[in-house]
Each structure stands twice: as C-alpha cells, then as structure tokens.
Amino acid sequence: MLHASTGGKKTVLLPEPRRVTELTTGKVLGDRLSEIDVTVSKSDTLIFAWTPSGDRGCAAGFMFKKRPGTESNASSDRVRYYEKRERGGKMNRQAMAGGVAALCAAGMLQAAPLNEKEARIIKSRLTPAPQSVTLTDGPDVVLDKTLKVTLACAKDGPLAVKQTAETFAAWFGVKPDLRAVTSDRAPQKADAYRMTASKGTLAIEAADAGGARNALRTLRQLAEPVRGTREVTAHFVPELVIDDAPAMAFRGFHICWFPENTPVQIERFIRLAAYYKMNRVVLEPWGTFVSEAHPELAWPGSTMTKMEIRRLVKIAEGLGVTLIPQFNLFGHASGSRGCSGKHTILDFHPELQPLFEPFGWTWCLSNPETAKLIEEVVVELHEAFGRPPYFHAGCDEAGDMATCQACRRSDYAAVVQKFLARIHGTLAGRGCKMMIWHDMLLQAGDPRWKGFYANGSNQAEVMLDALPRDIIICDWYYGAPNKEGAWPTLRYFKAKGFPVLACPWEDLAGYRGLSVAVQKENLDGMLCTAWHHLYGNNMMQIYFRAAHATWGTLPTGGYERLAFAQHLRQVGWDVPVKTYGDTGTFNSQLPEKTATPQ
C-alpha cells in the first residue's frame, strides 16, 4: 500500500505502486516499493502520479495542496484522488494524465520523467545519440492522420515543408496536419533541430532543411508501431523534447565500390550514412567506373555506369548528402587491393605498362600520357557526379614511386608537385576543391611522426609547401592517440594552412579521440573510412562509431547490434530491396560468400 501523509496528520492508503513520481519536480520517489512516505511542508503544491501493479492495472494520481499561511495541509477536503481502470489490465496513461491535469487546473502540472528502464530502451534506438533528450511520462503522441505538425525553419522553409510531407507519407504512411510557422527560437547552427512531441502535436524547429531532415530521422528511429494488430496501423512516440546539433560541419563517410558490390548495396551504404546524419559520402571505384573515354579502367561487367552514378547522386541530393568521386592519382593504381594481386588494366592490357611504375602499383608521373589519361578520367568522373564541390584524388601509399628509369633519375618531388598542380588547376577551373590523403606528404622516419603514418620521401615537406592551400588534407590514422593524447600530424597540416579532415577506421579509441581533437583543434571535420569491411559486425561498428564521432556524442548503450540491423532494414525499405542477397550485413549467411572481399 502507498502511505502518503501531510505533515503527519493525514494518511491516504492506495494500491501498491509500480512507480510513484512527484510531477512538479520530476523526481521518481519509488519503483515497485510497498511503502513510500511523502510529506508536504513548504511546497505550495505537490502532485503525484503512480501506476499500481496487478493484473487489471490502473492509472492514478493525487494532489496535496497547502493552505495559505500553514506549513502543511491537514484537512481532508484538501486531499483529492483520481483513479481510472481500463479493461484488459492495460495502463491508461492518457486517463492518468488527464485526471491529474484536472486536479491542477491552474497549470502547475509538469510531466514526470519516463521510467529509467523505459527511457534507456527508447534512447538505445538512436544513432547518433542526440545532444539532449528528455522523455516524459505524458500521453504518447500518435503519428496518424490526427497528428498536428508545426515546422519552423530559420531558412529553407518551403523545401523543408515539402520534404517533411513526403517523408511522413513514405515512412509513416500518413498525411498529418502540417503547418509552417515562425519561431524566434529556431536553432541557427546548420543541420540543428529541436523537436517536441506533446498532446497530439509534433513541433519541429530547425535551422534549415537539413535540420528538419535530421529531426525526422530521429523521429523514425524512435517511433514504435501501435500494438494489438497484425499489420501496422500507426506509430507513436513518447512525450519528448530533443535539442540536437552536430559537432562539426563536414561529416563524411568513405565507401569503396568493389566489383563484388551491387548497386543496391552501394545505395544502402549511402542511405545509411545519411540516416546517421552524415552529409558527405566519398565514393571510390576499385576498377569499377565504366569510363566512356577509357573503358580499360573497369573490370568486365562492372556496374558503376554513368547512369547508375546519376541515379545515386539524385538520391543523395534528396537526402542532403553530397556525393564525392574519388580516383587514385598516385598509388593504388591497380584499382585493386594490394593483397589480391589483381590489376584492373594490366591483367587484360599489358601493352599499357608504360603508364605505371614497373611493379604496376603506382602511376608513372613522368610519362605525359599518364597525366593526360588521368586528367581525362578526373573530368569525366567529376561530370558524371554532377560537378560536386569536392574531388578526392587519393595519393596515398605510393610504395613503388620513382622506380622506373625516368622517375628515379628525375627531381621526383618536382614531378609530383607539377602533376598535382595540373589536376588541381583543372578541378579549380570547374569550381571544385581537391582532397588528398596525407601520408605521402610526411617524410618516413621523421621522429616527429613516430607511431603515425608517414610514407613520403625526404622531399615530402618541400612538396607539401609547394601545394595550393585550398587542398583538403585527409589525415588517416586508425589507432589511439600518442601518449600525450594528441595527433601531431593534424596540428602540423593545420599550421601549414591547409583544411584538415581526421579519418579514423574501426578503432573505438581512434574515433572518439579524433572527434575530440577535431573540435578542440578547430579542424574542418571528419571523413570516416570503411575500406573492405562493410560486412558483418565490422559494418555495424564502423557506421555506429562514425555516426557518433561526427555528431560529437557518445552512445547511450544497449541493443547496438539489434538497433543497427533495424536501421539497415529501414533504409532497405527505402530502396526497396528485392533479393535475399541485398538484405542484412552479409550476401548470404555463409561468411566466406560475402559481397565485399575479406
């Protein structure tokens, strides 16, 4: 029984509670406790709500109100009690909230926090975790045709309204009462939003269309189908307030398109990055771009056609994602992973050997025919992607650079710098910024970079200093920071005047540490890498960690694998997937037959 007293003079006995909450402060007073003492002293009003245990169940509330000029209320006529039972033993939160609200017509009622266990379960659905989430125990908000939605955007209002209406129809199958409103409280930071769900209304305040999209992504992850039916009739979310904003502007995800990947898989990868609130996707073909000018660059039967690229670019634009092409201008010239021994071009066209260093891994940059071919491919790719504002030129791990006679007898740093300046100029003329990996710009063996990736020659710094300062340096490092807790290479490139992106892969300490470093060092963002590991548990960890690192939050914990599978399933519905092999994180349930090479 619940024993509640006022100043020790008034006692009310009620059914055994499942939870008792002081609604004015939100303090949970008990959870499955048999006896709770509540004393009214100097508070003007104390309001409590509880849900008793038992098969039938009920929702109830009561209020003690202090008489003016007294320390406590001892009069029985000042104790009011409300109880509502419902058939089938289901708790009726709306009845409880309505009853307690009736007790407090003066408007002093505040919703109680949601039970801690329930809140933890619901928050575990969210990737990335929002900056601030408040879940309360008021009436659930049902996402059906009766829902009222208000949308206030600091800018992009018409686009945001259009996309919001389309999204509700696509994700929830409803056309709510959607109204554009004004608000002087709308967030100003790009992609930020505030979302409030209460009393049958969903209010979204966003900085822009990106913020509105992010609010709806959070809403979809939270929403739960109404129970008791065979098929979905509606969704609902708890009463809530969410304030959310990204920690950095450039939130990138790097995807490799291998010959084993299908267009549907690539689309799912892009959609999932967007669903996790990343806004840039670098798409790197590994011998898969079907070039009209140079068809020898793709494996026979490759599916990365210009038509497919244009389709994906259009999808990405609708998701608020900039799709960025990559083509390796230096190392990785084989278009294959080094351990495979495959070479996209030379396995079928040995006559083209002069375009490469003798081992075939690095382009021969002394050969003017190489520069001509690469420039043509860069322009063709950039055009196919709709002339985006960025182009990733690779330039990492040129392990056999300067090994042919012409290159090894040259001023090789000058050769590389001249070549990069040529491609940079071509891209700049198209309104496009060049991105490159960092490692060839750091001298191998330099004690400053001990423990970090440095693969450049003794002329690396000279070459770096000669590069235009608008080239974006993508500093890839996959482990934890050094013993000082720092990444000296990030500071080095930033001090040289370059925009810098931090680029982690898989390692949890790396993701979290680099996220903090980007914010602390005022860097330009992150480009999270996936390489050949977008399958199985690796895929979950990469996406999950990338989402939180780029958003600048930590996960709430629990159900991570299951939540990821649900999110991947949801973006699969958006494609929609049609075949068994395009579902889940494996092509089949036999790991050795996954789509992406292991």
# chains A, B, ... in the order shown; residues from 1 in each chain; ligands from 1
$ residues_around --residues "Asp574 (chain A)" --least-positions-apart "2" --cutoff "9 Å" --atoms "only C-alpha atoms" --output "list in words"
Ala170, Trp171, Arg268, Arg271, Arg569, Gln570, Val571, Gly572, Pro576 and Val577 of chain A
$ write_last_selection --atoms "N, CA and C atoms" --output "tab-separated table (two decimals), in the first residue's frame"
chain	number	residue	atom	x	y	z
A	170	ALA	N	6.06	8.56	-46.80
A	170	ALA	CA	6.91	7.42	-47.12
A	170	ALA	C	7.21	6.55	-45.91
A	171	TRP	N	7.47	7.18	-44.77
A	171	TRP	CA	7.90	6.42	-43.59
A	171	TRP	C	6.76	6.00	-42.69
A	268	ARG	N	22.34	1.32	-50.34
A	268	ARG	CA	22.08	1.14	-48.90
A	268	ARG	C	23.17	1.80	-48.07
A	271	ARG	N	22.49	5.54	-48.15
A	271	ARG	CA	21.30	5.89	-47.37
A	271	ARG	C	21.56	5.75	-45.88
A	569	ARG	N	17.67	-2.27	-42.03
A	569	ARG	CA	16.41	-2.78	-42.60
A	569	ARG	C	15.53	-1.61	-43.07
A	570	GLN	N	15.49	-0.54	-42.28
A	570	GLN	CA	14.66	0.61	-42.64
A	570	GLN	C	15.14	1.26	-43.93
A	571	VAL	N	16.45	1.44	-44.08
A	571	VAL	CA	16.92	2.03	-45.34
A	571	VAL	C	16.73	1.05	-46.49
A	572	GLY	N	16.73	-0.24	-46.19
A	572	GLY	CA	16.41	-1.23	-47.21
A	572	GLY	C	14.98	-1.08	-47.71
A	576	PRO	N	13.47	0.00	-52.63
A	576	PRO	CA	13.45	-1.09	-51.65
A	576	PRO	C	14.24	-2.29	-52.15
A	577	VAL	N	14.75	-3.09	-51.20
A	577	VAL	CA	15.48	-4.30	-51.57
A	577	VAL	C	14.50	-5.34	-52.11
$ residues_around --residues "Met401 (chain A)" --least-positions-apart "2" --cutoff "8 Å" --atoms "only C-alpha atoms" --output "list in words"
Gly331, Glu357, Thr362, Trp363, Cys364, Ala398, Gly399, Thr403 and Cys407 of chain A
$ closest_atom_pairs --of "region 163-237 of chain A" --to "region 545-551 of chain A" --cutoff "12 Å" --atoms "only C-alpha atoms" --output "Markdown table"
| residue | atom | partner | partner_atom | distance |
| --- | --- | --- | --- | --- |
| A:Asp191 | CA | A:Trp551 | CA | 10.6 |
| A:Ala192 | CA | A:Trp551 | CA | 10.7 |
| A:Asn214 | CA | A:Trp551 | CA | 11.4 |
$ atom_distance --atom1 "CA of Gly287 (chain A)" --atom2 "CA of Ala393 (chain A)"
14.9 Å
$ select_by_dssp --residues "region 138-349 of chain A" --states "helix (DSSP H, G or I)" --output "ChimeraX atom specification"
/A:157-172,209-222,263-275,295-297,306-318,338-340
$ select_by_dssp --residues "region 126-280 of chain A" --states "strand (DSSP E)" --output "PyMOL selection string"
chain A and resi 132-143+148-153+177-180+193-198+201-206+224-225+235-244+250-257+280
$ closest_residue --among "A:Phe172, A:Leu319, A:Gly479, A:Phe586" --to "Val232 (chain A)" --atoms "only C-alpha atoms"
A:Phe172
$ closest_residue --among "A:Lys372, A:His392, A:Lys306, A:Arg179" --to "Arg280 (chain A)" --atoms "only C-alpha atoms"
A:His392
$ residues_around --residues "region 113-127 of chain A" --least-positions-apart "6" --cutoff "8 Å" --atoms "only C-alpha atoms" --output "list in words"
Arg19, Gly26, Lys27, Val28, Thr134, Leu135, Thr136, Asp137, Thr218, Gln221, Leu222, Tyr276, Phe544, Ala547, His548, Pro555, Thr556, Gly557, Gly558, Tyr559, Glu560 and Ala563 of chain A
$ write_last_selection --atoms "C-alpha atoms" --output "PDB file, in the first residue's frame"
ATOM      1  CA  ARG A  19       6.085   3.739  -9.858  1.00  0.00           C
ATOM      2  CA  GLY A  26      10.069  15.104 -11.904  1.00  0.00           C
ATOM      3  CA  LYS A  27      11.609  13.172  -9.030  1.00  0.00           C
ATOM      4  CA  VAL A  28      10.872   9.447  -9.075  1.00  0.00           C
ATOM      5  CA  THR A 134      14.083  14.427 -22.385  1.00  0.00           C
ATOM      6  CA  LEU A 135      11.461  11.664 -22.326  1.00  0.00           C
ATOM      7  CA  THR A 136       8.447  12.220 -20.102  1.00  0.00           C
ATOM      8  CA  ASP A 137       5.548  10.084 -18.946  1.00  0.00           C
ATOM      9  CA  THR A 218      15.411  10.818 -35.113  1.00  0.00           C
ATOM     10  CA  GLN A 221      14.289   5.715 -35.049  1.00  0.00           C
ATOM     11  CA  LEU A 222      12.130   6.488 -32.009  1.00  0.00           C
ATOM     12  CA  TYR A 276      23.104   8.542 -39.372  1.00  0.00           C
ATOM     13  CA  PHE A 544      27.925   3.188 -35.330  1.00  0.00           C
ATOM     14  CA  ALA A 547      27.895   8.412 -36.615  1.00  0.00           C
ATOM     15  CA  HIS A 548      28.676   9.297 -33.005  1.00  0.00           C
ATOM     16  CA  PRO A 555      26.153   6.175 -27.471  1.00  0.00           C
ATOM     17  CA  THR A 556      23.618   5.511 -24.743  1.00  0.00           C
ATOM     18  CA  GLY A 557      24.456   1.794 -24.710  1.00  0.00           C
ATOM     19  CA  GLY A 558      22.446  -1.376 -25.143  1.00  0.00           C
ATOM     20  CA  TYR A 559      20.893  -3.164 -28.133  1.00  0.00           C
ATOM     21  CA  GLU A 560      23.553  -1.788 -30.503  1.00  0.00           C
ATOM     22  CA  ALA A 563      19.396  -1.328 -33.433  1.00  0.00           C
TER      23      ALA A 563
END
$ residues_around --residues "region 450-458 of chain A" --least-positions-apart "5" --cutoff "7 Å" --atoms "only C-alpha atoms" --output "NGL selection string"
:A and (397 or 439-444 or 477)
$ closest_atom_pairs --of "region 448-488 of chain A" --to "region 510-521 of chain A" --cutoff "7 Å" --atoms "only C-alpha atoms" --output "JSON lines"
{"residue": "A:Tyr478", "atom": "CA", "partner": "A:Gly510", "partner_atom": "CA", "distance": 5.9}
{"residue": "A:Gly479", "atom": "CA", "partner": "A:Gly510", "partner_atom": "CA", "distance": 4.8}
{"residue": "A:Ala480", "atom": "CA", "partner": "A:Gly510", "partner_atom": "CA", "distance": 4.5}
{"residue": "A:Pro481", "atom": "CA", "partner": "A:Gly513", "partner_atom": "CA", "distance": 6.9}
$ residues_around --residues "Asn328 (chain A)" --least-positions-apart "2" --cutoff "9 Å" --atoms "only C-alpha atoms" --output "PyMOL selection string"
chain A and resi 284+326+330-333+335+374+392-396
$ atom_distance --atom1 "CA of Thr288 (chain A)" --atom2 "CA of Phe250 (chain A)"
26.5 Å
$ residues_around --residues "region 459-465 of chain A" --least-positions-apart "2" --cutoff "12 Å" --atoms "only C-alpha atoms" --output "ChimeraX atom specification"
/A:411-421,436,438-446,454-457,467-469,471-473,492-493,495-498
$ residues_around --residues "Gly525 (chain A)" --least-positions-apart "5" --cutoff "8 Å" --atoms "only C-alpha atoms" --output "PDB file with N, CA and C atoms, in the first residue's frame"
ATOM      1  N   MET A 248      30.312  19.130 -35.887  1.00  0.00           N
ATOM      2  CA  MET A 248      31.179  19.589 -36.976  1.00  0.00           C
ATOM      3  C   MET A 248      30.378  19.687 -38.267  1.00  0.00           C
ATOM      4  N   ALA A 249      30.844  20.523 -39.177  1.00  0.00           N
ATOM      5  CA  ALA A 249      30.099  20.770 -40.414  1.00  0.00           C
ATOM      6  C   ALA A 249      30.312  19.667 -41.441  1.00  0.00           C
ATOM      7  N   PHE A 250      31.553  19.213 -41.613  1.00  0.00           N
ATOM      8  CA  PHE A 250      31.873  18.181 -42.604  1.00  0.00           C
ATOM      9  C   PHE A 250      31.830  16.831 -41.899  1.00  0.00           C
ATOM     10  N   ARG A 251      30.791  16.053 -42.190  1.00  0.00           N
ATOM     11  CA  ARG A 251      30.613  14.740 -41.576  1.00  0.00           C
ATOM     12  C   ARG A 251      30.603  13.708 -42.707  1.00  0.00           C
ATOM     13  N   GLY A 252      31.786  13.165 -42.972  1.00  0.00           N
ATOM     14  CA  GLY A 252      31.952  12.364 -44.174  1.00  0.00           C
ATOM     15  C   GLY A 252      32.112  10.879 -43.915  1.00  0.00           C
ATOM     16  N   VAL A 500      41.802  20.508 -42.876  1.00  0.00           N
ATOM     17  CA  VAL A 500      42.187  19.164 -42.428  1.00  0.00           C
ATOM     18  C   VAL A 500      40.961  18.382 -41.983  1.00  0.00           C
ATOM     19  N   LEU A 501      40.855  17.156 -42.483  1.00  0.00           N
ATOM     20  CA  LEU A 501      39.834  16.214 -42.036  1.00  0.00           C
ATOM     21  C   LEU A 501      40.520  15.058 -41.330  1.00  0.00           C
ATOM     22  N   ALA A 502      40.001  14.660 -40.174  1.00  0.00           N
ATOM     23  CA  ALA A 502      40.503  13.485 -39.455  1.00  0.00           C
ATOM     24  C   ALA A 502      39.789  12.245 -39.985  1.00  0.00           C
ATOM     25  N   VAL A 518      39.193  17.042 -33.375  1.00  0.00           N
ATOM     26  CA  VAL A 518      38.618  17.916 -34.406  1.00  0.00           C
ATOM     27  C   VAL A 518      37.975  19.138 -33.769  1.00  0.00           C
ATOM     28  N   THR A 550      31.223  11.810 -35.673  1.00  0.00           N
ATOM     29  CA  THR A 550      30.976  13.011 -36.470  1.00  0.00           C
ATOM     30  C   THR A 550      29.916  13.907 -35.844  1.00  0.00           C
TER      31      THR A 550
END
$ closest_residue --among "A:Pro499, A:Gly536, A:Pro358, A:Pro447" --to "Asn522 (chain A)" --atoms "only C-alpha atoms"
A:Pro499
$ closest_residue --among "A:Pro225, A:Gly429, A:Gly301, A:Gly320" --to "Thr262 (chain A)" --atoms "only C-alpha atoms"
A:Gly301
